[in-house]
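Novice: What follows is my_file-v1.txt; its format and atoms are compact mmCIF, C-alpha atoms and all ligand atoms.
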```
# COMPACT_ATOMS: atom_id res chain seq x y z
CA MET A 1 -10.00 -12.63 -30.79
CA THR A 2 -11.03 -15.33 -28.31
CA ASN A 3 -10.75 -15.57 -24.53
CA LEU A 4 -10.78 -11.86 -23.84
CA THR A 5 -11.28 -10.89 -20.21
CA PRO A 6 -13.80 -8.14 -19.34
CA ASP A 7 -11.02 -5.54 -19.13
CA GLN A 8 -10.03 -6.29 -22.75
CA ILE A 9 -13.49 -5.38 -24.11
CA PRO A 10 -14.04 -1.69 -24.99
CA GLU A 11 -17.75 -1.51 -24.07
CA LYS A 12 -17.04 -2.82 -20.57
CA TRP A 13 -14.72 0.14 -19.92
CA GLY A 14 -17.00 2.58 -21.70
CA ASP A 15 -19.93 1.63 -19.45
CA ILE A 16 -18.03 2.47 -16.25
CA ALA A 17 -16.11 5.60 -17.36
CA SER A 18 -17.60 7.92 -14.71
CA ALA A 19 -17.21 5.43 -11.82
CA TYR A 20 -13.61 4.74 -12.91
CA GLY A 21 -12.83 8.44 -12.86
CA GLU A 22 -14.46 8.94 -9.47
CA ALA A 23 -12.75 5.94 -7.85
CA PHE A 24 -9.30 6.05 -9.41
CA GLU A 25 -8.44 9.31 -11.13
CA SER A 26 -7.01 10.79 -7.94
CA LEU A 27 -4.62 7.79 -7.89
CA THR A 28 -3.59 7.68 -11.55
CA SER A 29 -3.22 11.49 -11.52
CA GLN A 30 -0.20 10.93 -9.26
CA PHE A 31 1.36 8.80 -12.02
CA ALA A 32 0.43 11.45 -14.59
CA ASP A 33 2.14 14.11 -12.44
CA GLU A 34 5.29 11.98 -12.23
CA VAL A 35 5.35 11.45 -16.00
CA ILE A 36 4.81 15.18 -16.55
CA SER A 37 7.70 16.02 -14.25
CA GLN A 38 10.02 13.51 -15.97
CA LEU A 39 9.06 14.28 -19.60
CA SER A 40 8.35 18.03 -19.29
CA PRO A 41 5.99 18.46 -22.27
CA LYS A 42 6.30 21.97 -23.68
CA THR A 43 4.14 24.38 -25.62
CA GLY A 44 3.77 23.24 -29.19
CA GLU A 45 5.07 19.70 -28.63
CA THR A 46 2.87 16.87 -29.89
CA VAL A 47 1.74 14.32 -27.31
CA LEU A 48 -0.10 11.03 -27.84
CA ASP A 49 -1.90 9.50 -24.84
CA VAL A 50 -2.74 5.81 -25.42
CA ALA A 51 -5.50 4.20 -23.31
CA ALA A 52 -6.14 7.66 -21.89
CA GLY A 53 -9.14 6.67 -19.76
CA THR A 54 -10.84 9.75 -18.30
CA GLY A 55 -7.93 11.96 -19.41
CA ALA A 56 -5.85 12.64 -16.28
CA PHE A 57 -2.57 12.82 -18.21
CA SER A 58 -3.95 14.39 -21.41
CA LEU A 59 -5.54 17.30 -19.56
CA ARG A 60 -2.33 18.01 -17.65
CA ALA A 61 -0.18 17.95 -20.80
CA ALA A 62 -2.63 20.25 -22.59
CA ARG A 63 -2.61 22.73 -19.69
CA LEU A 64 1.17 22.96 -20.22
CA GLY A 65 0.56 23.98 -23.83
CA ALA A 66 1.25 20.70 -25.66
CA ASP A 67 -0.93 19.61 -28.60
CA VAL A 68 -2.47 16.39 -27.32
CA LEU A 69 -4.27 13.49 -28.98
CA ALA A 70 -6.11 11.49 -26.28
CA THR A 71 -6.99 7.97 -27.47
CA ASP A 72 -8.77 5.01 -25.94
CA PHE A 73 -10.49 1.95 -27.43
CA ALA A 74 -13.62 2.63 -25.32
CA GLU A 75 -15.95 5.17 -26.88
CA GLY A 76 -17.43 5.90 -23.42
CA MET A 77 -14.00 6.94 -22.11
CA VAL A 78 -13.32 9.13 -25.15
CA ASN A 79 -16.75 10.78 -24.77
CA HIS A 80 -15.97 11.43 -21.11
CA ILE A 81 -12.72 13.24 -22.02
CA GLN A 82 -14.44 15.17 -24.81
CA GLN A 83 -17.06 16.38 -22.32
CA ARG A 84 -14.32 17.70 -20.03
CA ILE A 85 -12.61 19.39 -22.97
CA ASP A 86 -15.88 21.05 -24.01
CA ASP A 87 -16.73 22.09 -20.42
CA ASP A 88 -13.32 23.72 -19.94
CA PHE A 89 -13.04 25.20 -23.49
CA ILE A 90 -9.69 23.50 -24.07
CA HIS A 91 -8.52 23.89 -27.67
CA ASN A 92 -5.32 21.89 -27.75
CA ILE A 93 -6.62 18.34 -27.10
CA LYS A 94 -8.22 16.17 -29.74
CA THR A 95 -9.78 12.81 -28.96
CA SER A 96 -10.12 9.63 -30.98
CA VAL A 97 -11.32 6.07 -30.42
CA MET A 98 -8.32 3.84 -31.18
CA ASP A 99 -6.99 0.45 -30.22
CA GLY A 100 -3.50 0.98 -28.79
CA GLN A 101 -2.30 -2.12 -30.65
CA ALA A 102 -3.08 -0.53 -34.04
CA LEU A 103 -2.91 3.26 -33.74
CA ALA A 104 -4.35 5.20 -36.69
CA VAL A 105 -1.42 7.60 -36.49
CA LYS A 106 1.46 8.24 -38.91
CA ASP A 107 4.97 6.97 -38.21
CA ALA A 108 7.38 9.44 -36.55
CA SER A 109 4.73 12.11 -35.95
CA TYR A 110 4.83 12.73 -32.15
CA ASP A 111 7.36 14.20 -29.70
CA ILE A 112 5.93 12.23 -26.76
CA SER A 113 3.92 8.99 -26.44
CA VAL A 114 2.49 7.77 -23.15
CA SER A 115 0.43 4.92 -21.72
CA ILE A 116 -0.39 5.08 -18.00
CA VAL A 117 -1.68 1.75 -16.59
CA GLY A 118 -3.18 1.27 -20.06
CA LEU A 119 -1.19 -1.06 -22.33
CA ILE A 120 -0.93 -3.53 -19.45
CA PHE A 121 -4.45 -4.63 -20.48
CA PHE A 122 -3.72 -5.21 -24.19
CA PRO A 123 -3.91 -8.81 -25.44
CA ASP A 124 -0.61 -8.05 -27.24
CA ILE A 125 1.46 -5.92 -24.83
CA ASP A 126 4.51 -6.04 -27.14
CA LYS A 127 2.45 -4.49 -29.96
CA GLY A 128 1.49 -1.72 -27.53
CA PHE A 129 5.19 -0.91 -27.04
CA THR A 130 6.10 -1.08 -30.74
CA GLU A 131 3.19 1.23 -31.58
CA LEU A 132 4.31 3.75 -28.93
CA LYS A 133 7.76 3.70 -30.57
CA ARG A 134 6.56 3.76 -34.19
CA VAL A 135 4.66 7.03 -33.72
CA LEU A 136 7.63 8.87 -32.14
CA LYS A 137 9.93 11.22 -34.04
CA PRO A 138 13.63 10.24 -33.79
CA GLY A 139 14.73 11.02 -30.22
CA GLY A 140 11.10 11.31 -29.07
CA ARG A 141 10.25 10.53 -25.43
CA CYS A 142 7.99 7.76 -24.17
CA ALA A 143 6.50 6.89 -20.77
CA VAL A 144 4.77 3.67 -19.72
CA VAL A 145 3.41 3.10 -16.22
CA CYS A 146 2.60 -0.36 -14.86
CA TRP A 147 1.93 -1.55 -11.32
CA GLY A 148 4.55 -2.78 -8.89
CA HIS A 149 4.28 -6.31 -7.51
CA PRO A 150 0.70 -6.38 -6.20
CA GLU A 151 0.88 -8.63 -3.13
CA ASN A 152 0.87 -5.70 -0.70
CA PHE A 153 -1.70 -3.43 -2.33
CA ASP A 154 -4.00 -2.32 0.50
CA MET A 155 -7.05 -2.19 -1.74
CA MET A 156 -6.72 -5.76 -3.03
CA ARG A 157 -5.93 -7.08 0.45
CA LEU A 158 -8.96 -5.36 1.98
CA LEU A 159 -11.19 -6.50 -0.87
CA LYS A 160 -10.17 -10.15 -0.43
CA GLN A 161 -10.48 -9.98 3.36
CA SER A 162 -13.89 -8.32 3.29
CA ILE A 163 -15.35 -10.88 0.87
CA ALA A 164 -13.81 -13.76 2.84
CA CYS A 165 -15.37 -12.42 6.10
CA ALA A 166 -18.77 -11.55 4.64
CA VAL A 167 -19.25 -14.49 2.27
CA PRO A 168 -16.92 -17.32 3.37
CA ASP A 169 -18.27 -19.79 0.77
CA PHE A 170 -17.64 -17.50 -2.18
CA GLU A 171 -14.82 -18.64 -4.42
CA MET A 172 -12.74 -15.66 -5.50
CA PRO A 173 -11.50 -15.84 -9.12
CA THR A 174 -8.12 -17.56 -9.14
CA GLN A 175 -7.07 -16.38 -12.60
CA THR A 176 -4.14 -13.93 -12.58
CA PRO A 177 -5.41 -10.50 -13.67
CA VAL A 178 -4.32 -9.54 -17.20
CA TRP A 179 -2.52 -6.41 -15.95
CA ALA A 180 -0.31 -8.60 -13.73
CA ARG A 181 1.39 -9.97 -16.89
CA LEU A 182 3.58 -6.85 -16.72
CA VAL A 183 4.55 -5.77 -13.20
CA GLY A 184 7.78 -4.54 -11.65
CA GLU A 185 10.84 -2.65 -12.82
CA ASP A 186 12.74 -5.49 -14.54
CA ALA A 187 9.82 -6.64 -16.68
CA LEU A 188 9.02 -3.06 -17.72
CA LYS A 189 12.62 -2.35 -18.68
CA GLU A 190 12.81 -5.53 -20.74
CA LYS A 191 9.66 -4.66 -22.71
CA PHE A 192 11.03 -1.21 -23.61
CA GLN A 193 14.34 -2.72 -24.71
CA GLN A 194 12.68 -5.47 -26.76
CA ALA A 195 10.73 -2.77 -28.62
CA GLY A 196 14.01 -1.00 -29.51
CA PHE A 197 13.79 1.97 -27.11
CA GLU A 198 17.01 3.54 -25.80
CA LYS A 199 18.14 5.06 -22.47
CA VAL A 200 15.42 3.23 -20.51
CA GLU A 201 15.05 4.42 -16.90
CA ILE A 202 12.52 2.96 -14.45
CA THR A 203 11.51 4.33 -11.05
CA THR A 204 9.03 2.96 -8.52
CA ILE A 205 6.69 5.42 -6.87
CA ASP A 206 3.97 5.22 -4.21
CA GLY A 207 0.37 5.57 -5.29
CA LEU A 208 -1.85 6.71 -2.43
CA LEU A 209 -5.61 6.60 -2.60
CA THR A 210 -6.92 8.87 0.15
CA LEU A 211 -10.54 8.21 1.10
CA ASP A 212 -12.47 10.85 3.01
CA SER A 213 -15.37 8.40 3.21
CA VAL A 214 -14.81 4.66 2.81
CA GLU A 215 -18.60 4.19 2.30
CA ASP A 216 -18.60 6.63 -0.62
CA PHE A 217 -15.54 4.94 -2.11
CA TRP A 218 -17.17 1.51 -1.86
CA SER A 219 -20.28 2.77 -3.65
CA VAL A 220 -18.23 3.62 -6.78
CA PHE A 221 -15.52 0.97 -6.34
CA ILE A 222 -17.99 -1.88 -7.00
CA SER A 223 -18.47 -0.66 -10.58
CA SER A 224 -15.13 1.09 -11.14
CA SER A 225 -13.56 -1.38 -13.59
CA PRO A 226 -14.73 -4.32 -15.70
CA PRO A 227 -13.28 -6.94 -13.31
CA MET A 228 -15.00 -5.28 -10.31
CA THR A 229 -18.33 -5.20 -12.14
CA ALA A 230 -17.95 -8.90 -13.02
CA LEU A 231 -16.90 -9.83 -9.47
CA PHE A 232 -19.81 -8.05 -7.76
CA SER A 233 -22.33 -9.26 -10.26
CA ALA A 234 -21.21 -12.84 -9.44
CA LEU A 235 -21.43 -12.03 -5.73
CA GLY A 236 -25.00 -10.67 -5.96
CA LYS A 237 -26.62 -7.62 -4.36
CA GLU A 238 -27.01 -8.81 -0.76
CA ASN A 239 -23.54 -10.30 -0.53
CA THR A 240 -22.07 -7.16 -2.08
CA GLU A 241 -23.72 -5.11 0.66
CA ARG A 242 -22.34 -7.46 3.33
CA ALA A 243 -18.86 -7.28 1.81
CA GLY A 244 -19.15 -3.48 1.71
CA LYS A 245 -19.85 -3.33 5.44
CA GLU A 246 -16.81 -5.52 6.10
CA PHE A 247 -14.66 -3.39 3.78
CA VAL A 248 -15.62 -0.25 5.70
CA ARG A 249 -15.05 -1.96 9.05
CA LEU A 250 -11.67 -3.42 8.09
CA ALA A 251 -10.41 -0.21 6.47
CA THR A 252 -11.46 1.86 9.46
CA ASP A 253 -9.96 -0.63 11.96
CA ASP A 254 -6.73 -0.86 9.99
CA PHE A 255 -6.12 2.83 9.78
CA LYS A 256 -7.80 3.98 13.01
CA LYS A 257 -8.26 7.44 11.53
CA GLU A 258 -11.07 9.32 9.87
CA THR A 259 -9.12 9.50 6.63
CA VAL A 260 -8.09 6.17 5.18
CA THR A 261 -5.14 6.02 2.78
CA LEU A 262 -4.72 2.90 0.64
CA ALA A 263 -1.17 2.37 -0.62
CA SER A 264 0.08 0.83 -3.87
CA LYS A 265 3.26 0.97 -5.95
CA ALA A 266 3.65 1.86 -9.60
CA CYS A 267 6.64 1.58 -11.93
CA VAL A 268 7.24 4.56 -14.21
CA GLY A 269 9.36 3.84 -17.29
CA ILE A 270 10.86 6.60 -19.42
CA ALA A 271 12.66 5.86 -22.69
CA TYR A 272 13.71 7.41 -26.03
CA ALA A 273 13.03 6.39 -29.63
C1 LIG A 301 -6.89 1.57 -15.80
S1 LIG A 301 -7.49 2.55 -17.11
C2 LIG A 301 -6.17 3.77 -17.25
C3 LIG A 301 -6.68 5.07 -17.81
C4 LIG A 301 -5.74 6.26 -17.75
N1 LIG A 301 -4.56 6.06 -18.56
C5 LIG A 301 -5.38 6.65 -16.35
O1 LIG A 301 -4.19 6.84 -16.09
O2 LIG A 301 -6.26 6.81 -15.50
C6 LIG A 301 -7.17 1.52 -18.52
C7 LIG A 301 -7.65 2.12 -19.82
O3 LIG A 301 -7.15 1.30 -20.89
C8 LIG A 301 -8.09 1.31 -21.93
N2 LIG A 301 -7.76 0.19 -22.82
C9 LIG A 301 -7.74 -1.13 -22.51
N3 LIG A 301 -7.39 -1.84 -23.59
C10 LIG A 301 -7.16 -0.96 -24.60
C11 LIG A 301 -6.73 -1.09 -25.95
N4 LIG A 301 -6.50 -2.31 -26.51
N5 LIG A 301 -6.56 0.02 -26.68
C12 LIG A 301 -6.79 1.24 -26.14
N6 LIG A 301 -7.22 1.44 -24.88
C13 LIG A 301 -7.39 0.34 -24.11
C14 LIG A 301 -9.42 1.21 -21.18
O4 LIG A 301 -10.52 1.59 -21.95
C15 LIG A 301 -9.17 2.14 -20.00
O5 LIG A 301 -9.58 3.45 -20.30
```
Show me the file's structure as structure tokens.
Specialist:
Amino acid sequence: MTNLTPDQIPEKWGDIASAYGEAFESLTSQFADEVISQLSPKTGETVLDVAAGTGAFSLRAARLGADVLATDFAEGMVNHIQQRIDDDFIHNIKTSVMDGQALAVKDASYDISVSIVGLIFFPDIDKGFTELKRVLKPGGRCAVVCWGHPENFDMMRLLKQSIACAVPDFEMPTQTPVWARLVGEDALKEKFQQAGFEKVEITTIDGLLTLDSVEDFWSVFISSSPPMTALFSALGKENTERAGKEFVRLATDDFKKETVTLASKACVGIAYA
């Protein structure tokens, strides 16, 4: 396929698996908790996690006794989850490298299918939804999480401001991020319905990233996703350091507290096959 962005290439995610987990798992875990509370996976139920990343949702579902298959197209992400499974002697999660647009899974074989801020990156988002539906048993439950409208995300605002202050000549990428093709409650509901899901319910929740140390966050943030790696590589080492100082200054000024909390919104969609 042509014209893929860095976040549509498996190796780019695989390379940054640990930094992604360190920077963002505390945030996406909040979405995983919400999905767990809405879907209530039970002992013995089969759960498929698509674009599982470092495994926030999969590990939670397994702890509740479900039989989980954690999948991701990035081998580095899948290896990261497998390491956690081995470290914690968890027996009810399996892992597999799979593209969420073509799951190597039988029709009607799962009770629950989930993709948390995952299928929003797929070149073919619609195929992501039809695959999540295809694998579900009749009446099976599905959850998809996408972002809310991003204009007020603290992290993106601070990032733009800090680069603009530190490196005024730098031209920020103007291309809309791929994940912004699917944002907000209405768009999420429509995608579920187009894929043939029933009883679609969407809620918007807050996602709060609490930073004990903004400096420590910055040090992982700059390589925490393929677009960040591409952005800071274009910016160069010295300018990245300058932008980091501005990021710390702006975040600390904004919040005027030792602990900085960056807010975002996510839309959680629940539906039935
Ligand atoms: C923002 S992370 C979300 C990870 C995890 N679901 C979470 O809640 O933290 C996006 C994930 O989507 C995966 N991904 C992107 N495109 C994919 C595709 N076509 N098939 C499967 N996984 C994909 C990436 O490798 C990455 O792990």
Novice: Using only C-alpha atoms, which residues sit within 10 Å of Asn239 in chain A once same-chain residues fewer than 6 positions away are excluded, as a list of chain:residue names?
Specialist: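 Those residues are A:Ile163, A:Ala166, A:Val167, A:Phe170, A:Phe232, A:Ser233, A:Lys245.
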Novice: Which residues form the shell of 9 Å around ligand LIG 301 (chain A) when you count only C-alpha atoms and all ligand atoms, given as a short mmCIF file (atom, residue, chain, number, x, y, z; two decimals) with C-alpha atoms, in the frame of the given file?
Specialist:
```cif
data_model
loop_
_atom_site.label_atom_id
_atom_site.label_comp_id
_atom_site.auth_asym_id
_atom_site.auth_seq_id
_atom_site.Cartn_x
_atom_site.Cartn_y
_atom_site.Cartn_z
CA ASP A 7 -11.02 -5.54 -19.13
CA GLN A 8 -10.03 -6.29 -22.75
CA ILE A 9 -13.49 -5.38 -24.11
CA PRO A 10 -14.04 -1.69 -24.99
CA GLU A 11 -17.75 -1.51 -24.07
CA LYS A 12 -17.04 -2.82 -20.57
CA TRP A 13 -14.72 0.14 -19.92
CA GLY A 14 -17.00 2.58 -21.70
CA ALA A 17 -16.11 5.60 -17.36
CA TYR A 20 -13.61 4.74 -12.91
CA GLY A 21 -12.83 8.44 -12.86
CA PHE A 24 -9.30 6.05 -9.41
CA GLU A 25 -8.44 9.31 -11.13
CA SER A 26 -7.01 10.79 -7.94
CA LEU A 27 -4.62 7.79 -7.89
CA THR A 28 -3.59 7.68 -11.55
CA SER A 29 -3.22 11.49 -11.52
CA GLN A 30 -0.20 10.93 -9.26
CA PHE A 31 1.36 8.80 -12.02
CA ALA A 32 0.43 11.45 -14.59
CA ASP A 49 -1.90 9.50 -24.84
CA VAL A 50 -2.74 5.81 -25.42
CA ALA A 51 -5.50 4.20 -23.31
CA ALA A 52 -6.14 7.66 -21.89
CA GLY A 53 -9.14 6.67 -19.76
CA THR A 54 -10.84 9.75 -18.30
CA GLY A 55 -7.93 11.96 -19.41
CA ALA A 56 -5.85 12.64 -16.28
CA PHE A 57 -2.57 12.82 -18.21
CA SER A 58 -3.95 14.39 -21.41
CA THR A 71 -6.99 7.97 -27.47
CA ASP A 72 -8.77 5.01 -25.94
CA PHE A 73 -10.49 1.95 -27.43
CA ALA A 74 -13.62 2.63 -25.32
CA GLU A 75 -15.95 5.17 -26.88
CA GLY A 76 -17.43 5.90 -23.42
CA MET A 77 -14.00 6.94 -22.11
CA VAL A 78 -13.32 9.13 -25.15
CA VAL A 97 -11.32 6.07 -30.42
CA MET A 98 -8.32 3.84 -31.18
CA ASP A 99 -6.99 0.45 -30.22
CA GLY A 100 -3.50 0.98 -28.79
CA GLN A 101 -2.30 -2.12 -30.65
CA ALA A 102 -3.08 -0.53 -34.04
CA LEU A 103 -2.91 3.26 -33.74
CA VAL A 114 2.49 7.77 -23.15
CA SER A 115 0.43 4.92 -21.72
CA ILE A 116 -0.39 5.08 -18.00
CA VAL A 117 -1.68 1.75 -16.59
CA GLY A 118 -3.18 1.27 -20.06
CA LEU A 119 -1.19 -1.06 -22.33
CA ILE A 120 -0.93 -3.53 -19.45
CA PHE A 121 -4.45 -4.63 -20.48
CA PHE A 122 -3.72 -5.21 -24.19
CA PRO A 123 -3.91 -8.81 -25.44
CA ASP A 124 -0.61 -8.05 -27.24
CA ILE A 125 1.46 -5.92 -24.83
CA GLY A 128 1.49 -1.72 -27.53
CA VAL A 145 3.41 3.10 -16.22
CA SER A 225 -13.56 -1.38 -13.59
#
```
Novice: Considering only C-alpha atoms, can you say which of A:Val260, A:Leu48, A:Met155, A:Ile85 comes closest to Leu69 in chain A?
Specialist: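 Using only C-alpha atoms, the shortest distance to Leu69 in chain A belongs to A:Leu48.
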Novice: Near range 188-203 of chain A, within 7 Å and counting only C-alpha atoms, which residues show up once chain neighbours fewer than 5 positions away are dropped, as a PyMOL selection string?
Specialist: chain A and resi 126+129-130+182-183+267-273
Novice: Please, could you write that set of residues out with C-alpha atoms as a PDB file, in the frame of the given file?
Specialist:
```
ATOM      1  CA  ASP A 126       4.510  -6.040 -27.140  1.00  0.00           C
ATOM      2  CA  PHE A 129       5.190  -0.910 -27.040  1.00  0.00           C
ATOM      3  CA  THR A 130       6.100  -1.080 -30.740  1.00  0.00           C
ATOM      4  CA  LEU A 182       3.580  -6.850 -16.720  1.00  0.00           C
ATOM      5  CA  VAL A 183       4.550  -5.770 -13.200  1.00  0.00           C
ATOM      6  CA  CYS A 267       6.640   1.580 -11.930  1.00  0.00           C
ATOM      7  CA  VAL A 268       7.240   4.560 -14.210  1.00  0.00           C
ATOM      8  CA  GLY A 269       9.360   3.840 -17.290  1.00  0.00           C
ATOM      9  CA  ILE A 270      10.860   6.600 -19.420  1.00  0.00           C
ATOM     10  CA  ALA A 271      12.660   5.860 -22.690  1.00  0.00           C
ATOM     11  CA  TYR A 272      13.710   7.410 -26.030  1.00  0.00           C
ATOM     12  CA  ALA A 273      13.030   6.390 -29.630  1.00  0.00           C
TER      13      ALA A 273
END
```
Novice: Distance CA of Asp186 in chain A-CA of Trp147 in chain A, one decimal place?
Specialist: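 CA of Asp186 in chain A sits 11.9 Å away from CA of Trp147 in chain A.
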Novice: Could you check which of A:Glu185, A:Ala23, A:Val35, A:Leu262 is closest to Arg157 in chain A, using all atoms listed in the file?
Specialist: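 Closest to Arg157 in chain A of all the choices is A:Leu262.
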Novice: Identify which of the residues A:Val144, A:Leu159, A:Val178, A:Leu235 lies closest to Leu4 in chain A, counting all atoms listed in the file when measuring atom-to-atom distances.
Specialist: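 Looking only at the distances to Leu4 in chain A, the closest residue turns out to be A:Val178.
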Novice: Taking only C-alpha atoms into account, which of A:Ala263, A:Ala104, A:Ile112, A:Val135 comes nearest Val47 in chain A?
Specialist: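 The shortest atom-to-atom distance to Val47 in chain A comes from A:Ile112.
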Novice: What is the CA of Ala19 in chain A-CA of Ser224 in chain A distance in Å, reported with one decimal?
Specialist: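 Spanning CA of Ala19 in chain A to CA of Ser224 in chain A is a straight-line distance of 4.9 Å.
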